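The structure appears right after this line, and notes come after that.
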2 protein chains.
Amino acid sequence: MRRVEILRRINAQYHGRPPVTVRVVDWADEEGARFGKSLFGSSACAGSLDMDEARGLRDKAGVALPEALKNVGVDFERVKESGKELKNAAAYLELHIEQGPVLLDLGLPLGTVLGTFGVERHAFTFHGQAAHSGSTPMNRRKDAFLAAAKMGAEIYRITDRHGGVCTIGSCTTRPGIVTSVVEECRITLDQRHLDGAALARMWADAQAAAQRFAQEGGVTVTHERLWHIEPRPFHPALMDFCDEAIAEAGAPKKRLPSGPLHDAAETCGAGVPTVMMFVQSLHGISHNKIEDTKEEHLEQAVVAFDRLAEKTMHWIARAKTGATG
Amino acid sequence: MRRVEILRRINAQYHGRPPVTVRVVDWADEEGARFGKSLFGSSACAGSLDMDEARGLRDKAGVALPEALKNVGVDFERVKESGKELKNAAAYLELHIEQGPVLLDLGLPLGTVLGTFGVERHAFTFHGQAAHSGSTPMNRRKDAFLAAAKMGAEIYRITDRHGGVCTIGSCTTRPGIVTSVVEECRITLDQRHLDGAALARMWADAQAAAQRFAQEGGVTVTHERLWHIEPRPFHPALMDFCDEAIAEAGAPKKRLPSGPLHDAAETCGAGVPTVMMFVQSLHGISHNKIEDTKEEHLEQAVVAFDRLAEKTMHWIARAKTGATG
């Protein structure tokens with residue numbers, strides 16, 4: 001609805017003939033909740049979608065992604081043809097709820113997004129030895145949980161050094177019974193940073209720590225990469241416009257990175273000048289029933305995003321004139 | 001077979017009239033692998049079996065314990081009647097594989113068991129808040145895994161202070177996905193000690209540590225007792241006989257506690273003078289395909305256990321004479 005308001009304003013102001021073509025895009029399945037694959041529509045359009053991987057995805061009921069698409073009239077094998085719509089795009093703008101507490105903590109309604117974090121996503125598996133909980137002296141144990149558990153506090157030390165964020169989201173134990181030392185412990189690690197070099201250092205530190213903890217406990221550790229994406233810094237000129245637009249909507253300027261991924265990461269990766277604007281999350285949390293944004297912040301967001309759209313149109317028009325003049 | 005050898009020797013030596021009645025007992029389901037309840041037969045006989053709890057136990061296929069017993073001709077509701085067999089027992093002797101590495105590390109074939117450890121078995125559940133792994137700054141997290149993971153190393157500090165053994169055997173995380181801070185983390189804790197007061201201190205320390213780690217991380221913690229048993233110290237006179245019997249079999253004397261529970265813990269708890277003899281575990285591990293004992297140690301064990309039976313018979317006979325004389 002916010003975006004339709006802006007289209008209406010542009011249409012009215014320019015009597016149906018704006019300086020550049022303006023389009024609204026509704027990306028398919030940003031969250032990926034059903035098939036476990038986020039940014040489906042935008043990655044297809046940007047050309048980065050791994051077709052073989054996506055072809056094999058199934059939901060909990062066993063329905064394959066291509067089958068689900070067919071049921072809504074979409075041919076999976078042709079999804080990348082949507083890329084032609086992005087071919088001549090001169091800019092991409094996205095307004096999103098922050099999904100975090102940064103703007104809330106600062107008491108700000110809006111922010112200019114610096115880019116989306118790069119992500120290193122791995123699983124570590126520590127391999128020890130199952131042994132009877134009653135008969136195995138402490139100094140004879142090869143306790144996979146002990147080594148894995150040390151990573152819990154270590155990731156906070158890693159972000160103290162490098163910034164960014166690190167999360168251990170899951171921990172599983174085998175045999176996982178109350179009367180046995182843990183033979184195998186698997187933890188997942190998600191590391192994010194806006195700076196690619198810093199992200200690489202974070203990942204190197206995590207690997208070194210896992211090796212050290214394994215060695216201390218007489219266990220071994222292996223890891224597998226689950227996913228990876230480079231940081232996607234947004235366009236400098238568009239970020240300036242976003243700052244100005246926020247100020248013109250009566251709010252203080254603020255730049256912040258985006259921890260979560262967004263469709264903007266895909267357009268940015270496809271070489272389209274991109275920027276995002278964030279609006280404050282109430283309670284600072286997301287993917288939760290209480291996720292919300294105040295009415296007044298929504299109004300301010302629409303005003304600011306409209307200003308950003310106007311500035312961007314003129315920037316593109318000027319560039320075109322320059323190119324042909 | 002080992003026990004039958006001893007009965008044969010006694011029968012031959014005393015021409016079928018030993019100084020006291022000697023019986024061999026084959027306890028039902030010591031391990032409890034099928035229904036998750038160990039010491040079934042001995043706890044029924046000793047009278048400590050919780051009938052209501054046992055009545056509700058089911059195996060993985062959904063078969064109830066009373067039904068499984070019925071299929072082998074045993075009436076569950078009458079299992080405690082077996083207690084009359086234990087009523088006049090003057091002593092109980094048990095020979096068992098150590099299931100741990102203590103005798104192996106010392107190069108000893110046999111040991112006298114001091115008693116079975118008391119056990120405090122609990123689950124801690126840390127309650128934090130799920131939050132997006134990308135958008136939630138580290139200092140805003142309520143990370144249930146961070147708090148639970150600190151217990152991993154803490155239990156080793158607890159045993160450094162008090163002796164005994166502590167094991168975290170399982171760890172589960174909710175929602176348990178790579179992109180979310182852990183909202184709920186549950187760990188099981190098994191603590192064992194031969195000294196009841198020391199065991200109580202171990203459990204108090206674990207609770208205090210869990211509270212401290214929860215507070216440090218802005219999360220809360222609850223716990224539930226899964227199981228508990230008092231330490232069961234064996235009979236001093238029988239332990240002396242066991243030491244002597246081991247020496248007479250040509251092995252050095254050694255006393256050690258039993259971390260695992262055994263049927264002897266039930267007879268001891270029922271007031272029957274009890275002792276156990278351990279024989280070395282190859283590789284020092286148990287509940288594993290490679291669990292084994294050397295032939296020569298088995299032979300030595302049979303000789304020593306036979307000596308122990310002989311000494312115990314005469315001790316009982318002497319006591320009877322004393323009582324009636």
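If you're wondering about the labels, chains in the structure tokens are A, B, ... by order shown, residues count from 1 in each chain, ligands from 1 in order shown.
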
Output as a tab-separated table one row per residue of chain B within 7 Å of chain A: the closest atom pair and its distance in Å to one decimal place, counting only C-alpha atoms, sorted by chain and residue number ascending.
```
residue	atom	partner	partner_atom	distance
B:Gln99	CA	A:Ser135	CA	6.2
B:Gly100	CA	A:Ser135	CA	4.7
B:Pro101	CA	A:Thr136	CA	6.8
B:Ala131	CA	A:Ile285	CA	6.3
B:His132	CA	A:Ser286	CA	6.6
B:Ser133	CA	A:Thr167	CA	5.9
B:Gly134	CA	A:Gly259	CA	3.7
B:Ser135	CA	A:Gly259	CA	4.4
B:Thr136	CA	A:Gly100	CA	5.3
B:Pro137	CA	A:Val165	CA	6.6
B:Met138	CA	A:Val165	CA	6.4
B:Phe145	CA	A:Gly152	CA	6.7
B:Leu146	CA	A:Gly152	CA	4.9
B:Ala149	CA	A:Ala149	CA	4.5
B:Lys150	CA	A:Ala149	CA	6.7
B:Gly152	CA	A:Leu146	CA	4.9
B:Ala153	CA	A:Leu146	CA	6.1
B:Val165	CA	A:Met138	CA	6.4
B:Thr167	CA	A:Ser133	CA	5.8
B:Ile168	CA	A:Val181	CA	6.9
B:Gly169	CA	A:Val178	CA	4.5
B:Ser170	CA	A:Gly176	CA	4.3
B:Cys171	CA	A:Thr173	CA	5.9
B:Thr172	CA	A:Thr172	CA	5.8
B:Thr173	CA	A:Ser170	CA	5.5
B:Gly176	CA	A:Ser170	CA	4.3
B:Ile177	CA	A:Gly169	CA	5.2
B:Val178	CA	A:Gly169	CA	4.5
B:Thr179	CA	A:Gly169	CA	6.3
B:Ser180	CA	A:Gly169	CA	5.4
B:Val181	CA	A:Gly169	CA	5.4
B:Val182	CA	A:Gly169	CA	5.5
B:Thr188	CA	A:Val178	CA	5.8
B:Leu189	CA	A:Val178	CA	6.8
B:Asp190	CA	A:Val178	CA	6.5
B:Arg192	CA	A:Gly134	CA	6.6
B:Ser258	CA	A:Ser135	CA	6.6
B:Gly259	CA	A:Gly134	CA	3.7
B:Pro260	CA	A:Gly134	CA	4.6
B:Ile285	CA	A:Ala131	CA	6.2
B:Ser286	CA	A:His132	CA	6.5
```

Practice problem: Compare A:Lys70, A:Leu39, A:Gln207, A:Phe76 by their minimum atom-to-atom distance to Asp52 of chain A, counting only C-alpha atoms, and give me the closest one. | Solution: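 Of all the options, A:Phe76 lies closest to Asp52 of chain A.
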
Quiz item: Which parts of segment 100-299 of chain B does DSSP call strand (DSSP E) when run on the backbone here, written out as a PyMOL selection string?
Solution: chain B and resi 110-116+118-127+165-174+184-193+220-229+232-233+255-258+274-279

Exercise. May I have the residues within 10 Å of segment 289-306 of chain A as a count of residues only, using only C-alpha atoms and disregarding those fewer than 3 positions away in the same chain?
Key: 45

Practice problem: List the neighbours of Leu65 of chain A out to 12 Å using only C-alpha atoms; skip same-chain residues closer than 5 positions along the sequence, and give me the result as a PyMOL selection string. | Solution: chain A and resi 29+32+34-37+40+51-60+70-72+74-77+79

Exercise. Please run DSSP on the backbone and report, as number ranges by chain, all residues within segment 19-199 of chain A that come out as helix (DSSP H, G or I).
Key: A: 40-46, 51-55, 65-71, 76-85, 102-106, 138-140, 144-162, 196-199

Quiz item: Which neighbours of Asp205 of chain B fall inside 10 Å, counting only C-alpha atoms, when residues of the same chain fewer than 3 positions from it are skipped, and could you give them as number ranges by chain?
Solution: B: 154-155, 157-158, 161-162, 199-202, 208-211

Quiz prompt | Exercise: Lys87 of chain B partners within 12 Å, only C-alpha atoms, chain neighbours under 2 positions left out, as a PyMOL selection string | solution = chain B and resi 45-47+80-85+89-92+267+270-272

How about saving the chosen residues, N, CA, C and O atoms kept, as an mmCIF file, in the first residue's frame?
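Result file follows (part_32.cif):
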```
data_model
loop_
_atom_site.group_PDB
_atom_site.id
_atom_site.type_symbol
_atom_site.label_atom_id
_atom_site.label_comp_id
_atom_site.auth_asym_id
_atom_site.auth_seq_id
_atom_site.Cartn_x
_atom_site.Cartn_y
_atom_site.Cartn_z
ATOM 1 N N CYS B 45 12.302 -56.905 43.748
ATOM 2 C CA CYS B 45 12.605 -57.824 44.851
ATOM 3 C C CYS B 45 12.914 -57.052 46.135
ATOM 4 O O CYS B 45 12.489 -57.447 47.223
ATOM 5 N N ALA B 46 13.630 -55.930 45.985
ATOM 6 C CA ALA B 46 14.007 -55.132 47.155
ATOM 7 C C ALA B 46 12.836 -54.294 47.651
ATOM 8 O O ALA B 46 12.890 -53.716 48.735
ATOM 9 N N GLY B 47 11.785 -54.181 46.843
ATOM 10 C CA GLY B 47 10.596 -53.438 47.262
ATOM 11 C C GLY B 47 10.632 -51.959 46.920
ATOM 12 O O GLY B 47 9.704 -51.221 47.243
ATOM 13 N N LYS B 80 6.496 -57.773 43.270
ATOM 14 C CA LYS B 80 7.112 -57.498 44.570
ATOM 15 C C LYS B 80 7.053 -58.689 45.533
ATOM 16 O O LYS B 80 7.749 -58.699 46.548
ATOM 17 N N GLU B 81 6.201 -59.681 45.188
ATOM 18 C CA GLU B 81 6.156 -60.893 46.029
ATOM 19 C C GLU B 81 7.496 -61.621 46.033
ATOM 20 O O GLU B 81 7.806 -62.381 46.955
ATOM 21 N N SER B 82 8.326 -61.351 44.998
ATOM 22 C CA SER B 82 9.667 -61.958 44.952
ATOM 23 C C SER B 82 10.504 -61.526 46.155
ATOM 24 O O SER B 82 11.503 -62.164 46.484
ATOM 25 N N GLY B 83 10.079 -60.444 46.820
ATOM 26 C CA GLY B 83 10.819 -59.930 47.979
ATOM 27 C C GLY B 83 10.991 -60.957 49.083
ATOM 28 O O GLY B 83 11.951 -60.890 49.862
ATOM 29 N N LYS B 84 10.086 -61.935 49.152
ATOM 30 C CA LYS B 84 10.206 -62.940 50.231
ATOM 31 C C LYS B 84 11.486 -63.760 50.086
ATOM 32 O O LYS B 84 12.013 -64.274 51.067
ATOM 33 N N GLU B 85 11.997 -63.864 48.848
ATOM 34 C CA GLU B 85 13.247 -64.602 48.608
ATOM 35 C C GLU B 85 14.441 -63.898 49.261
ATOM 36 O O GLU B 85 15.477 -64.491 49.519
ATOM 37 N N ALA B 89 18.009 -63.377 53.541
ATOM 38 C CA ALA B 89 19.346 -63.416 52.948
ATOM 39 C C ALA B 89 20.358 -62.836 53.933
ATOM 40 O O ALA B 89 20.147 -61.760 54.484
ATOM 41 N N ALA B 90 21.448 -63.553 54.168
ATOM 42 C CA ALA B 90 22.461 -63.114 55.129
ATOM 43 C C ALA B 90 23.570 -62.335 54.447
ATOM 44 O O ALA B 90 24.327 -61.608 55.105
ATOM 45 N N ALA B 91 23.683 -62.486 53.125
ATOM 46 C CA ALA B 91 24.704 -61.729 52.391
ATOM 47 C C ALA B 91 24.388 -61.816 50.894
ATOM 48 O O ALA B 91 23.720 -62.758 50.440
ATOM 49 N N TYR B 92 24.868 -60.827 50.142
ATOM 50 C CA TYR B 92 24.714 -60.820 48.689
ATOM 51 C C TYR B 92 26.061 -60.459 48.082
ATOM 52 O O TYR B 92 26.690 -59.456 48.470
ATOM 53 N N THR B 267 20.017 -54.645 46.709
ATOM 54 C CA THR B 267 20.080 -55.564 47.860
ATOM 55 C C THR B 267 20.647 -54.822 49.069
ATOM 56 O O THR B 267 20.160 -54.983 50.188
ATOM 57 N N ALA B 270 18.122 -52.740 50.567
ATOM 58 C CA ALA B 270 17.122 -53.542 51.286
ATOM 59 C C ALA B 270 17.677 -54.091 52.602
ATOM 60 O O ALA B 270 17.006 -54.859 53.295
ATOM 61 N N GLY B 271 18.922 -53.719 52.930
ATOM 62 C CA GLY B 271 19.484 -54.099 54.225
ATOM 63 C C GLY B 271 20.245 -55.409 54.234
ATOM 64 O O GLY B 271 20.641 -55.889 55.294
ATOM 65 N N VAL B 272 20.479 -55.998 53.059
ATOM 66 C CA VAL B 272 21.250 -57.245 52.994
ATOM 67 C C VAL B 272 22.745 -56.894 52.917
ATOM 68 O O VAL B 272 23.137 -56.115 52.052
#
```

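Between Arg186 of chain A and the candidates A:Gly128, A:Gly115, A:Pro18, A:Pro233, the tightest atom-to-atom separation, counting only C-alpha atoms, involves A:Gly128.
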